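Next comes coords-v9.txt, with compact mmCIF, C-alpha atoms.
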```txt
# COMPACT_ATOMS: atom_id res chain seq x y z
CA MET M 5 39.41 55.92 -59.43
CA TRP M 6 35.75 56.24 -58.90
CA LYS M 7 33.27 53.51 -58.80
CA ARG M 8 30.73 53.91 -61.53
CA ASP M 9 28.14 51.86 -59.68
CA GLU M 10 27.88 54.41 -56.92
CA ALA M 11 26.87 57.22 -59.22
CA VAL M 12 23.86 55.86 -61.01
CA LYS M 13 22.78 52.43 -60.07
CA PRO M 14 20.90 51.29 -63.09
CA THR M 15 19.75 48.10 -61.53
CA THR M 16 17.51 48.15 -64.52
CA GLY M 17 16.59 49.57 -67.77
CA PRO M 18 17.41 52.75 -69.51
CA SER M 19 14.34 54.82 -68.94
CA ILE M 20 15.77 57.25 -66.41
CA LEU M 21 17.63 58.91 -69.17
CA PRO M 22 16.92 62.62 -69.12
CA THR M 23 14.98 64.12 -71.96
CA GLY M 24 15.93 67.21 -73.85
CA PRO M 25 18.67 67.93 -76.25
CA ALA M 26 21.37 69.33 -74.02
CA VAL M 27 23.02 66.96 -71.61
CA GLN M 28 25.78 68.60 -69.67
CA SER M 29 27.86 66.37 -67.55
CA GLN M 30 31.14 64.62 -67.45
CA PRO M 31 31.08 63.17 -70.93
CA SER M 32 32.71 59.91 -70.08
CA SER M 33 30.66 59.23 -66.99
CA THR M 34 27.22 59.88 -68.49
CA SER M 35 27.80 58.05 -71.68
CA ALA M 36 29.20 55.13 -69.77
CA SER M 37 26.23 55.17 -67.42
CA SER M 38 23.75 55.36 -70.27
CA ALA M 39 25.42 52.58 -72.13
CA GLU M 40 25.43 50.49 -69.04
CA ALA M 41 21.81 51.32 -68.40
CA ARG M 42 20.84 50.33 -71.90
CA GLN M 43 22.50 47.00 -71.47
CA GLN M 44 20.49 46.19 -68.43
CA ILE M 45 17.05 46.16 -69.91
CA GLY M 46 14.78 43.66 -68.33
CA ARG M 47 14.97 44.57 -64.68
CA ASP M 48 12.19 46.51 -63.00
CA VAL M 49 13.52 49.06 -60.55
CA VAL M 50 15.88 51.90 -61.31
CA ASN M 51 17.86 53.41 -58.49
CA ILE M 52 19.32 56.90 -58.64
CA GLY M 53 22.10 57.04 -56.09
CA LYS M 54 22.52 59.70 -53.47
CA SER M 55 25.43 61.36 -55.20
CA VAL M 56 23.43 62.05 -58.34
CA VAL M 57 22.01 65.50 -59.08
CA ILE M 58 19.59 65.83 -61.96
CA LYS M 59 18.29 69.15 -63.21
CA GLY M 60 15.61 69.06 -65.83
CA GLU M 61 12.91 66.64 -66.87
CA LEU M 62 12.92 63.02 -65.87
CA ASN M 63 10.65 60.60 -67.75
CA GLY M 64 10.36 56.91 -67.16
CA SER M 65 8.47 53.78 -67.96
CA GLU M 66 9.39 51.66 -64.98
CA ASP M 67 9.56 51.94 -61.23
CA LEU M 68 12.19 54.30 -59.90
CA THR M 69 13.84 54.95 -56.58
CA ILE M 70 15.58 58.26 -56.07
CA GLU M 71 18.16 58.71 -53.34
CA GLY M 72 19.78 61.71 -54.96
CA GLN M 73 18.57 65.17 -55.89
CA VAL M 74 16.23 66.08 -58.70
CA GLU M 75 15.13 69.56 -59.72
CA GLY M 76 12.58 70.16 -62.44
CA LYS M 77 9.89 67.67 -63.38
CA ILE M 78 9.46 63.94 -62.90
CA GLU M 79 7.01 61.93 -64.98
CA LEU M 80 6.46 58.28 -64.21
CA LYS M 81 2.81 58.17 -65.01
CA ASP M 82 2.36 54.41 -65.04
CA HIS M 83 4.88 53.45 -62.40
CA VAL M 84 5.87 53.72 -58.78
CA LEU M 85 8.24 56.46 -57.74
CA THR M 86 9.99 56.11 -54.40
CA ILE M 87 11.86 58.99 -52.86
CA GLY M 88 14.37 57.36 -50.56
CA ALA M 89 15.41 58.70 -47.19
CA ASN M 90 18.30 60.57 -48.79
CA GLY M 91 16.28 61.83 -51.75
CA LYS M 92 15.67 65.55 -52.17
CA ILE M 93 13.23 66.54 -54.86
CA LYS M 94 12.36 70.02 -56.02
CA ALA M 95 10.04 69.16 -58.81
CA HIS M 96 6.54 68.68 -60.06
CA VAL M 97 5.95 64.98 -59.77
CA PHE M 98 3.58 62.88 -61.86
CA ALA M 99 3.44 59.18 -61.06
CA LYS M 100 1.08 56.28 -60.61
CA SER M 101 2.14 55.89 -57.00
CA LEU M 102 4.53 57.92 -54.94
CA ILE M 103 6.23 56.78 -51.75
CA VAL M 104 8.11 59.48 -49.86
CA LEU M 105 10.75 58.77 -47.25
CA GLY M 106 12.88 61.79 -48.09
CA GLU M 107 11.99 65.37 -49.06
CA VAL M 108 9.70 66.55 -51.79
CA ASN M 109 9.22 70.22 -52.51
CA GLY M 110 6.69 70.62 -55.26
CA ASN M 111 3.26 69.61 -56.41
CA VAL M 112 2.47 65.94 -56.68
CA THR M 113 -0.06 64.24 -58.94
CA ALA M 114 -0.55 60.50 -58.59
CA SER M 115 -3.21 58.47 -60.33
CA GLU M 116 -3.29 55.81 -57.60
CA LYS M 117 -1.69 56.68 -54.28
CA VAL M 118 0.64 58.96 -52.38
CA GLU M 119 2.29 57.65 -49.25
CA ILE M 120 4.34 59.88 -46.96
CA ARG M 121 6.15 57.63 -44.53
CA ASP M 122 7.62 58.40 -41.12
CA GLY M 123 10.43 60.91 -41.65
CA GLY M 124 9.19 61.81 -45.11
CA SER M 125 8.38 65.40 -45.99
CA VAL M 126 6.19 66.97 -48.65
CA ASP M 127 5.79 70.70 -49.19
CA GLY M 128 3.31 71.12 -51.99
CA ASP M 129 -0.13 70.24 -53.21
CA ILE M 130 -1.13 66.62 -53.63
CA VAL M 131 -3.71 65.40 -56.13
CA SER M 132 -4.38 61.70 -55.73
CA PRO M 133 -7.38 59.46 -55.02
CA ARG M 134 -5.58 57.94 -52.04
CA VAL M 135 -3.23 59.65 -49.62
CA ALA M 136 -1.59 58.04 -46.61
CA ILE M 137 0.41 60.19 -44.22
CA ALA M 138 2.25 58.41 -41.43
CA GLU M 139 2.81 59.86 -38.00
CA GLY M 140 6.14 61.58 -37.94
CA ALA M 141 5.76 62.68 -41.52
CA HIS M 142 5.81 66.33 -42.47
CA PHE M 143 3.28 67.77 -44.85
CA ARG M 144 2.36 71.28 -45.78
CA GLY M 145 0.03 72.01 -48.62
CA SER M 146 -3.31 70.83 -49.87
CA VAL M 147 -4.71 67.38 -50.52
CA ASP M 148 -7.23 66.83 -53.27
CA MET M 149 -8.57 63.29 -53.41
CA GLN M 150 -11.49 63.93 -55.67
CA ARG M 151 -10.40 64.90 -59.10
CA LYS M 152 -8.66 62.64 -61.50
CA SER M 153 -4.96 63.24 -61.89
CA GLY M 154 -3.87 66.04 -64.10
CA GLN M 155 -7.10 67.97 -63.87
CA GLN M 156 -7.10 71.33 -62.24
CA ALA M 157 -10.20 72.89 -60.82
CA PRO M 158 -11.19 76.15 -62.41
CA GLY M 159 -9.81 79.11 -60.56
CA GLN M 160 -7.36 77.01 -58.57
CA GLN M 161 -3.73 77.80 -59.05
CA PRO M 162 -1.16 75.25 -58.08
CA ARG M 163 1.27 76.23 -55.37
CA PRO M 164 4.38 77.65 -57.00
CA ALA M 165 6.62 75.27 -55.21
CA THR M 166 9.51 75.10 -57.53
CA GLN M 167 10.61 76.50 -60.80
CA PRO M 168 11.24 73.57 -63.04
CA ALA M 169 14.11 73.98 -65.35
CA PRO M 170 13.09 74.13 -69.00
CA PRO M 171 13.53 70.81 -70.77
CA ALA M 172 15.82 72.38 -73.35
CA GLN M 173 18.35 73.03 -70.64
CA THR M 174 18.24 69.56 -69.24
CA ALA M 175 21.46 68.74 -67.51
CA VAL M 176 22.64 65.73 -65.67
CA GLN M 177 25.25 66.41 -63.06
CA ILE M 178 27.03 63.47 -61.64
CA ALA M 179 28.11 65.13 -58.46
CA GLN M 180 30.57 62.91 -56.69
CA PRO M 181 32.24 60.42 -58.93
CA VAL M 182 34.23 62.67 -61.18
CA ALA M 183 37.44 61.18 -62.41
CA ARG M 184 40.20 63.69 -62.02
CA MET F 10 21.46 47.08 -25.19
CA ALA F 11 24.07 49.78 -24.91
CA PHE F 12 23.57 52.63 -22.45
CA SER F 13 23.61 55.15 -25.27
CA ASP F 14 20.72 53.34 -26.96
CA LEU F 15 18.82 53.24 -23.70
CA PHE F 16 19.28 56.96 -23.07
CA ALA F 17 18.43 57.79 -26.65
CA ARG F 18 15.21 55.85 -26.33
CA LEU F 19 14.32 57.55 -23.05
CA ARG F 20 15.06 60.95 -24.52
CA LYS F 21 12.89 60.21 -27.53
CA ASP F 22 10.01 59.16 -25.30
CA GLU F 23 10.35 62.39 -23.38
CA ASP F 24 10.50 64.55 -26.48
CA ASP F 25 7.59 63.01 -28.24
CA ALA F 26 5.21 63.17 -25.29
CA ASP F 27 2.85 61.65 -27.81
CA ALA F 28 1.57 58.88 -25.66
CA GLY F 29 -2.04 59.37 -26.61
CA ALA F 30 -2.12 56.78 -29.36
CA ASP F 31 -4.17 54.47 -27.15
CA SER F 32 -6.12 57.14 -25.31
CA PRO F 33 -9.89 56.65 -25.27
CA ALA F 34 -12.19 58.18 -27.82
CA GLN F 35 -13.90 61.33 -26.57
CA PRO F 36 -17.36 62.33 -27.68
CA THR F 37 -17.79 65.40 -29.82
CA LYS F 38 -21.07 67.12 -30.43
CA ALA F 39 -20.03 69.83 -32.85
CA LEU F 40 -18.05 67.86 -35.40
CA ALA F 41 -21.13 66.24 -36.92
CA ARG F 42 -22.76 69.66 -37.28
CA PHE F 43 -19.58 71.01 -38.80
CA LEU F 44 -19.57 68.20 -41.35
CA ALA F 45 -23.25 68.77 -42.07
CA GLY F 46 -22.44 72.42 -42.72
CA LEU F 47 -19.75 71.38 -45.19
CA GLY F 48 -21.94 68.85 -46.92
CA THR F 49 -23.96 71.38 -48.84
CA ARG F 50 -21.18 71.96 -51.37
CA PRO F 51 -19.90 69.50 -53.99
CA GLN F 52 -16.21 69.57 -53.08
CA PRO F 53 -15.78 71.74 -50.02
CA VAL F 54 -12.41 73.29 -49.29
CA LEU F 55 -11.33 72.60 -45.73
CA LEU F 56 -8.58 74.47 -43.90
CA ASP F 57 -7.03 72.50 -41.03
CA LEU F 58 -4.94 74.57 -38.62
CA GLY F 59 -3.74 71.60 -36.61
CA PRO F 60 -0.83 69.25 -37.21
CA VAL F 61 -1.21 66.90 -40.13
CA VAL F 62 -2.92 63.65 -39.16
CA GLY F 63 -2.97 60.98 -41.84
CA SER F 64 -6.24 59.41 -40.79
CA ASN F 65 -7.92 62.83 -40.72
CA VAL F 66 -6.77 63.50 -44.26
CA THR F 67 -8.26 60.17 -45.29
CA PHE F 68 -11.48 60.85 -43.38
CA PHE F 69 -12.06 64.34 -44.73
CA GLY F 70 -10.76 63.52 -48.20
CA GLU F 71 -12.37 60.16 -48.87
CA GLU F 72 -15.46 60.15 -46.67
CA VAL F 73 -16.45 63.79 -46.76
CA GLY F 74 -14.93 64.55 -50.16
CA CYS F 75 -13.10 67.69 -49.10
CA LYS F 76 -10.08 69.34 -50.56
CA ILE F 77 -7.89 69.78 -47.50
CA LEU F 78 -5.41 72.53 -46.82
CA VAL F 79 -3.07 71.84 -43.92
CA GLU F 80 -1.56 74.87 -42.21
CA ASP F 81 -0.07 73.74 -38.92
CA LEU F 82 -0.05 76.85 -36.74
CA SER F 83 1.46 75.09 -33.73
CA LYS F 84 4.76 74.93 -35.61
CA ASP F 85 4.56 78.66 -36.25
CA ILE F 86 3.90 79.36 -32.59
CA ASP F 87 6.76 77.12 -31.51
CA ARG F 88 9.11 78.80 -33.95
CA HIS F 89 8.22 82.23 -32.60
CA VAL F 90 8.68 81.04 -29.03
CA HIS F 91 12.08 79.52 -29.77
CA GLN F 92 13.19 82.72 -31.49
CA ALA F 93 11.78 84.82 -28.63
CA LYS F 94 9.52 86.61 -31.10
CA VAL F 95 6.11 85.91 -29.63
CA ASP F 96 5.29 89.60 -29.87
CA ALA F 97 5.59 89.33 -33.62
CA LEU F 98 2.82 86.74 -33.88
CA PRO F 99 -0.02 89.23 -34.50
CA ALA F 100 1.80 90.78 -37.44
CA PHE F 101 2.82 87.33 -38.65
CA PHE F 102 -0.79 86.23 -38.89
CA ASP F 103 -1.60 89.20 -41.11
CA THR F 104 0.48 87.70 -43.89
CA ARG F 105 0.39 84.03 -42.97
CA PHE F 106 -2.44 82.91 -45.23
CA PRO F 107 -2.13 83.27 -49.00
CA GLN F 108 -5.71 82.13 -49.57
CA GLU F 109 -8.08 84.59 -51.16
CA SER F 110 -11.11 85.99 -49.35
CA ASP F 111 -14.33 83.97 -49.27
CA THR F 112 -12.71 80.80 -50.63
CA ILE F 113 -12.78 78.37 -47.71
CA ASP F 114 -15.87 76.34 -46.87
CA GLY F 115 -14.79 75.08 -43.47
CA ILE F 116 -12.04 75.83 -40.96
CA LEU F 117 -10.87 73.47 -38.25
CA CYS F 118 -9.18 75.62 -35.63
CA TRP F 119 -9.17 72.87 -33.00
CA ASP F 120 -7.81 74.52 -29.82
CA ILE F 121 -5.24 76.85 -31.39
CA PHE F 122 -6.80 79.99 -29.88
CA ASP F 123 -5.98 78.69 -26.40
CA TYR F 124 -2.28 79.20 -27.13
CA LEU F 125 -2.56 82.79 -28.30
CA GLU F 126 -2.71 86.06 -26.48
CA ARG F 127 -5.57 88.37 -27.25
CA ALA F 128 -3.80 90.45 -29.91
CA ALA F 129 -2.57 87.44 -31.84
CA ALA F 130 -5.92 85.69 -31.50
CA GLU F 131 -7.74 88.72 -32.88
CA ARG F 132 -5.45 89.01 -35.89
CA LEU F 133 -5.77 85.30 -36.61
CA ALA F 134 -9.55 85.50 -36.25
CA ARG F 135 -9.64 88.39 -38.68
CA GLN F 136 -7.84 86.34 -41.29
CA LEU F 137 -10.05 83.32 -40.75
CA THR F 138 -13.25 85.32 -41.09
CA ARG F 139 -11.83 86.89 -44.24
CA MET F 140 -11.06 83.54 -45.86
CA LEU F 141 -14.30 81.85 -44.87
CA ARG F 142 -16.92 81.76 -47.58
CA PRO F 143 -20.37 83.15 -46.72
CA ASP F 144 -22.34 80.32 -45.13
CA GLY F 145 -19.05 78.57 -44.36
CA VAL F 146 -18.43 76.97 -40.97
CA LEU F 147 -15.63 77.22 -38.43
CA LEU F 148 -15.05 74.82 -35.56
CA ALA F 149 -12.97 75.85 -32.57
CA PHE F 150 -12.36 74.37 -29.14
CA PHE F 151 -11.75 76.50 -26.09
CA SER F 152 -10.46 75.21 -22.81
CA THR F 153 -12.27 76.34 -19.69
CA ALA F 154 -9.75 74.88 -17.26
CA ASP F 155 -7.02 76.89 -15.60
CA PRO F 156 -3.95 76.44 -17.82
CA ARG F 157 -1.63 76.86 -14.84
CA SER F 158 -2.61 73.38 -13.71
CA ALA F 159 -0.67 71.90 -16.63
CA ILE F 160 2.73 70.68 -15.55
CA ARG F 161 4.23 70.41 -19.01
CA PRO F 162 2.85 72.37 -21.95
CA THR F 163 1.36 70.24 -24.68
CA TYR F 164 -0.55 70.69 -27.88
CA THR F 165 -3.24 68.24 -28.79
CA ARG F 166 -3.43 66.28 -31.98
CA HIS F 167 -7.14 65.78 -32.65
CA VAL F 168 -7.71 62.50 -34.42
CA VAL F 169 -11.13 61.93 -35.92
CA ILE F 170 -12.42 58.47 -35.02
CA ASP F 171 -15.84 59.05 -36.54
CA ARG F 172 -18.36 61.85 -36.78
CA ALA F 173 -19.13 61.65 -33.07
CA HIS F 174 -15.75 60.81 -31.56
CA LEU F 175 -12.29 62.29 -31.41
CA GLN F 176 -9.09 61.04 -29.89
CA TYR F 177 -6.88 63.57 -28.15
CA ARG F 178 -3.17 62.90 -28.51
CA PRO F 179 -0.98 65.32 -26.59
CA TYR F 180 2.46 66.21 -27.83
CA LYS F 181 5.14 68.55 -26.64
CA ALA F 182 4.59 72.28 -27.00
CA ALA F 183 6.92 75.21 -26.56
CA ARG F 184 4.18 77.30 -25.05
CA ALA F 185 1.45 76.64 -22.52
CA LYS F 186 -2.18 77.50 -22.99
CA GLN F 187 -3.04 81.08 -22.16
CA ARG F 188 -5.83 82.39 -19.97
CA PRO F 189 -9.19 80.86 -20.97
CA LEU F 190 -11.56 83.07 -22.91
CA LEU F 191 -15.01 83.84 -21.62
CA ASN F 192 -18.08 83.13 -23.71
CA ARG F 193 -18.49 86.78 -24.51
CA ASP F 194 -14.85 87.08 -25.60
CA ILE F 195 -15.20 84.05 -27.86
CA GLN F 196 -18.26 85.55 -29.49
CA ARG F 197 -16.56 88.90 -30.06
CA LEU F 198 -13.32 87.34 -31.24
CA LEU F 199 -14.83 85.91 -34.38
CA GLU F 200 -17.41 88.51 -35.24
CA PRO F 201 -19.17 88.79 -37.67
CA LEU F 202 -19.45 84.98 -37.51
CA ARG F 203 -22.48 83.68 -35.67
CA ILE F 204 -22.31 80.94 -33.06
CA THR F 205 -24.60 78.08 -34.06
CA GLU F 206 -23.46 75.50 -31.49
CA ASN F 207 -21.84 76.01 -28.13
CA VAL F 208 -21.30 72.81 -26.17
CA LEU F 209 -19.46 72.46 -22.88
CA LEU F 210 -18.16 68.92 -22.57
CA LYS F 211 -17.43 67.06 -19.37
CA THR F 212 -13.76 67.36 -20.26
CA ASN F 213 -13.99 71.12 -19.62
CA LEU F 214 -13.65 71.71 -23.31
CA ARG F 215 -16.01 74.11 -25.03
CA GLU F 216 -16.83 73.20 -28.61
CA VAL F 217 -18.03 76.19 -30.58
CA LEU F 218 -19.33 76.07 -34.12
CA PHE F 219 -19.48 79.34 -36.04
CA ARG F 220 -21.15 80.13 -39.33
CA LYS F 221 -20.47 83.10 -41.53
CA PRO F 222 -23.70 84.89 -42.37
CA ALA F 223 -24.47 84.89 -46.07
CA ALA F 224 -24.23 88.68 -46.33
CA ALA F 225 -21.23 89.09 -44.09
CA SER F 226 -18.41 89.21 -46.57
CA VAL F 227 -15.59 90.99 -44.80
CA ALA F 228 -14.90 94.50 -45.94
CA PRO F 229 -11.84 94.99 -48.17
CA SER F 230 -10.04 96.83 -45.38
CA ALA F 231 -9.71 93.54 -43.52
CA ALA F 232 -8.18 91.76 -46.50
CA PRO F 233 -4.62 90.46 -46.18
CA GLN F 234 -2.39 93.24 -45.00
CA ALA F 235 0.83 92.16 -46.53
CA GLY F 236 3.62 94.58 -46.09
CA ARG F 237 2.12 96.36 -43.15
```
Full structure transcribed into C-alpha cells:
Amino acid sequence: MWKRDEAVKPTTGPSILPTGPAVQSQPSSTSASSAEARQQIGRDVVNIGKSVVIKGELNGSEDLTIEGQVEGKIELKDHVLTIGANGKIKAHVFAKSLIVLGEVNGNVTASEKVEIRDGGSVDGDIVSPRVAIAEGAHFRGSVDMQRKSGQQAPGQQPRPATQPAPPAQTAVQIAQPVAR
Amino acid sequence: MAFSDLFARLRKDEDDADAGADSPAQPTKALARFLAGLGTRPQPVLLDLGPVVGSNVTFFGEEVGCKILVEDLSKDIDRHVHQAKVDALPAFFDTRFPQESDTIDGILCWDIFDYLERAAAERLARQLTRMLRPDGVLLAFFSTADPRSAIRPTYTRHVVIDRAHLQYRPYKAARAKQRPLLNRDIQRLLEPLRITENVLLKTNLREVLFRKPAAASVAPSAAPQAGR
C-alpha cells in the first residue's frame, strides 16, 4: 500500500490542480488527491512532494512549495513560489516572488522578488525588480530589474530554455505511489 | 564532533579557497569611468564574464539600471582543463556567445584574459569586439606579476563595494594565470577598440578601459563562426 500523503501533500487548498482538459494519471490516485485537496481549503501553503512529476501548466492562487518535478509553465502571479532543494523545474515561471533552493531551467518573471539561495540553480532569464543571489548559488542567464513583469523589450527574445508542453496535453504523473 | 565531520569541514575549507569574504576593499580607478560610459543609455546591456555575484547583480541592476547577462567563463576554462581539452578553447569561444553583433553596451572581463593563452585570448577578444555596440565600453584587468609566484591557482571573484572600490575574493581554479601581456599586446588584442584608461595599481594589477569607436562596427567576416 502506498501512502497518499507522500505523493501530493496538499497541506492546503485545491489550487495546484493542473489546468487543461486532459489529465492522464492513475485515475484513483489523482481523483483522491484532488478530492482531498478540495477538502482542505483554508490553509495557505501547498506542497508538491518530491515524488510528483507534473507536465503541463500549473496555475495557483496561493503560495506553493515544489519539491518534485514540473515541466511546462507555472503561474502563481500573486503568490510566493518556493522551489525546494529537491525541486527540478523546466518551465517558464510567473510568480509574485520566487525562492529557489533547487533547480530551475527556464525563464522567470516575478513582480516582486527572485531569491536564489545557496545551492539553488537557475538557468534562464530573470525579469524582476529585485533579485538576490546567494554565494554558492548557480545562475546563468540575464537579469532585468527594470521593466515591469511580463513586458518584453522590443527586439529581445527570451532564452529558449524549455519547451513547455501545450496546455491541452496537460498530464499529471504521480511517479512513485502507484498502487499495484 | 565526529572525525568524519571534522575532515569534511576541512576538505570544504580547502576546496572553497574562498576566504576573501573579509578581505579589504581595493581601490579601482577604471570602474567609475566604465559606469560613466554605460550611463549614456537608458537601460544598458551589461555582459559579465565573471562568476555570478549577488551583490554585483543588485548594484548593476538597481543602482546603474543595467540588464545583466552573466556568462561565467571561468567555469568553461575549468571544464576544458578537467577534460584535457584546453587546445579546444579558441574554437569554443567562436561559438560561445549567442548574442548578436553590436548589442552589448558594456563588458566586464575582469581578469579572464590572464588565464588564456594567446590564441584563445584573441578568439575571445574577437567575439567581445563583435558584440560590443559602437561607443560601448569594455573593462579588463591584466596582471603584471609573474604568475609562477602563485602557489595554488585561483580565480578572483570581483565584488563591487562602490564605484571606487572592489573586493577581491579568490577561489580555487583549475588553471593558473598565464604569462602577463605587455601593454602593446593588450592594445593589439582588442583592436579596433581604443584604450581610454590604463591604470597600473599598487597591487600590480593593470586596469584597462576600452571603448569601441563609433564607426568601428566589426566586419561581417568576424561575426560568429558557428560550425567552423
>> Give me the residues near region 58-63 of chain F as an MDAnalysis selection string, where near means some atom within 7 Å (using all atoms listed in the file) and where sequence neighbours in that chain fewer than 2 positions away do not count.
In response: (chainID M and resid 136:139 143) or (chainID F and resid 56 65:67 79:83 117:119 166 168)
> Once you count only C-alpha atoms, which residues of chain M turn out to be within 10 Å of chain F? Could you give them as a PyMOL selection string?
Replying inline: chain M and resi 119-120+129-131+133-151
> Any idea what the distance is between CA of Ser125 (chain M) and CA of Val112 (chain M)?
Replying inline: 12.2 Å
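Between CA of Lys117 (chain M) and CA of Val73 (chain F) the separation is 18.0 Å.
Across M:Ser132, M:Lys94, M:Gly106, M:Glu116, the tightest approach to Glu75 (chain M) is made by M:Lys94 when counting all atoms listed in the file.
Shortest atom-to-atom contact with Val97 (chain M) among M:Ile78, M:Leu68, M:Val56, M:Ala114: M:Ile78, counting only C-alpha atoms.
Counting from CA of Arg139 (chain F), the distance to CA of Gln108 (chain F) is 9.4 Å.
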Determine, for each residue of region 111-219 of chain F having at least one atom at most 12 Å from an atom of region 84-89 of chain F, the closest pair of atoms and their separation in Å to one decimal, counting only C-alpha atoms; order by chain and ascending number, as JSON lines.
```
{"residue": "F:Ile121", "atom": "CA", "partner": "F:Ile86", "partner_atom": "CA", "distance": 9.6}
{"residue": "F:Phe122", "atom": "CA", "partner": "F:Ile86", "partner_atom": "CA", "distance": 11.1}
{"residue": "F:Asp123", "atom": "CA", "partner": "F:Ile86", "partner_atom": "CA", "distance": 11.7}
{"residue": "F:Tyr124", "atom": "CA", "partner": "F:Ile86", "partner_atom": "CA", "distance": 8.2}
{"residue": "F:Leu125", "atom": "CA", "partner": "F:Ile86", "partner_atom": "CA", "distance": 8.5}
{"residue": "F:Glu126", "atom": "CA", "partner": "F:Ile86", "partner_atom": "CA", "distance": 11.2}
{"residue": "F:Ala129", "atom": "CA", "partner": "F:Ile86", "partner_atom": "CA", "distance": 10.4}
{"residue": "F:Ala130", "atom": "CA", "partner": "F:Ile86", "partner_atom": "CA", "distance": 11.7}
{"residue": "F:Pro162", "atom": "CA", "partner": "F:Asp87", "partner_atom": "CA", "distance": 11.4}
{"residue": "F:Thr163", "atom": "CA", "partner": "F:Asp87", "partner_atom": "CA", "distance": 11.1}
{"residue": "F:Tyr164", "atom": "CA", "partner": "F:Lys84", "partner_atom": "CA", "distance": 10.3}
{"residue": "F:Tyr180", "atom": "CA", "partner": "F:Lys84", "partner_atom": "CA", "distance": 11.9}
{"residue": "F:Lys181", "atom": "CA", "partner": "F:Asp87", "partner_atom": "CA", "distance": 10.0}
{"residue": "F:Ala182", "atom": "CA", "partner": "F:Asp87", "partner_atom": "CA", "distance": 7.0}
{"residue": "F:Ala183", "atom": "CA", "partner": "F:Asp87", "partner_atom": "CA", "distance": 5.3}
{"residue": "F:Arg184", "atom": "CA", "partner": "F:Asp87", "partner_atom": "CA", "distance": 7.0}
{"residue": "F:Ala185", "atom": "CA", "partner": "F:Asp87", "partner_atom": "CA", "distance": 10.5}
{"residue": "F:Lys186", "atom": "CA", "partner": "F:Ile86", "partner_atom": "CA", "distance": 11.5}
```
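Using all atoms listed in the file, the shortest contact distance between Val49 (chain M) and any of M:Val74, M:Val84, M:Val104, M:Ala99 is found at M:Val84.
Among the candidate residues F:Arg127, F:His167, F:Arg50, F:Arg193, the one lying nearest to Ala149 (chain F) is F:His167, with distances computed using all atoms listed in the file.
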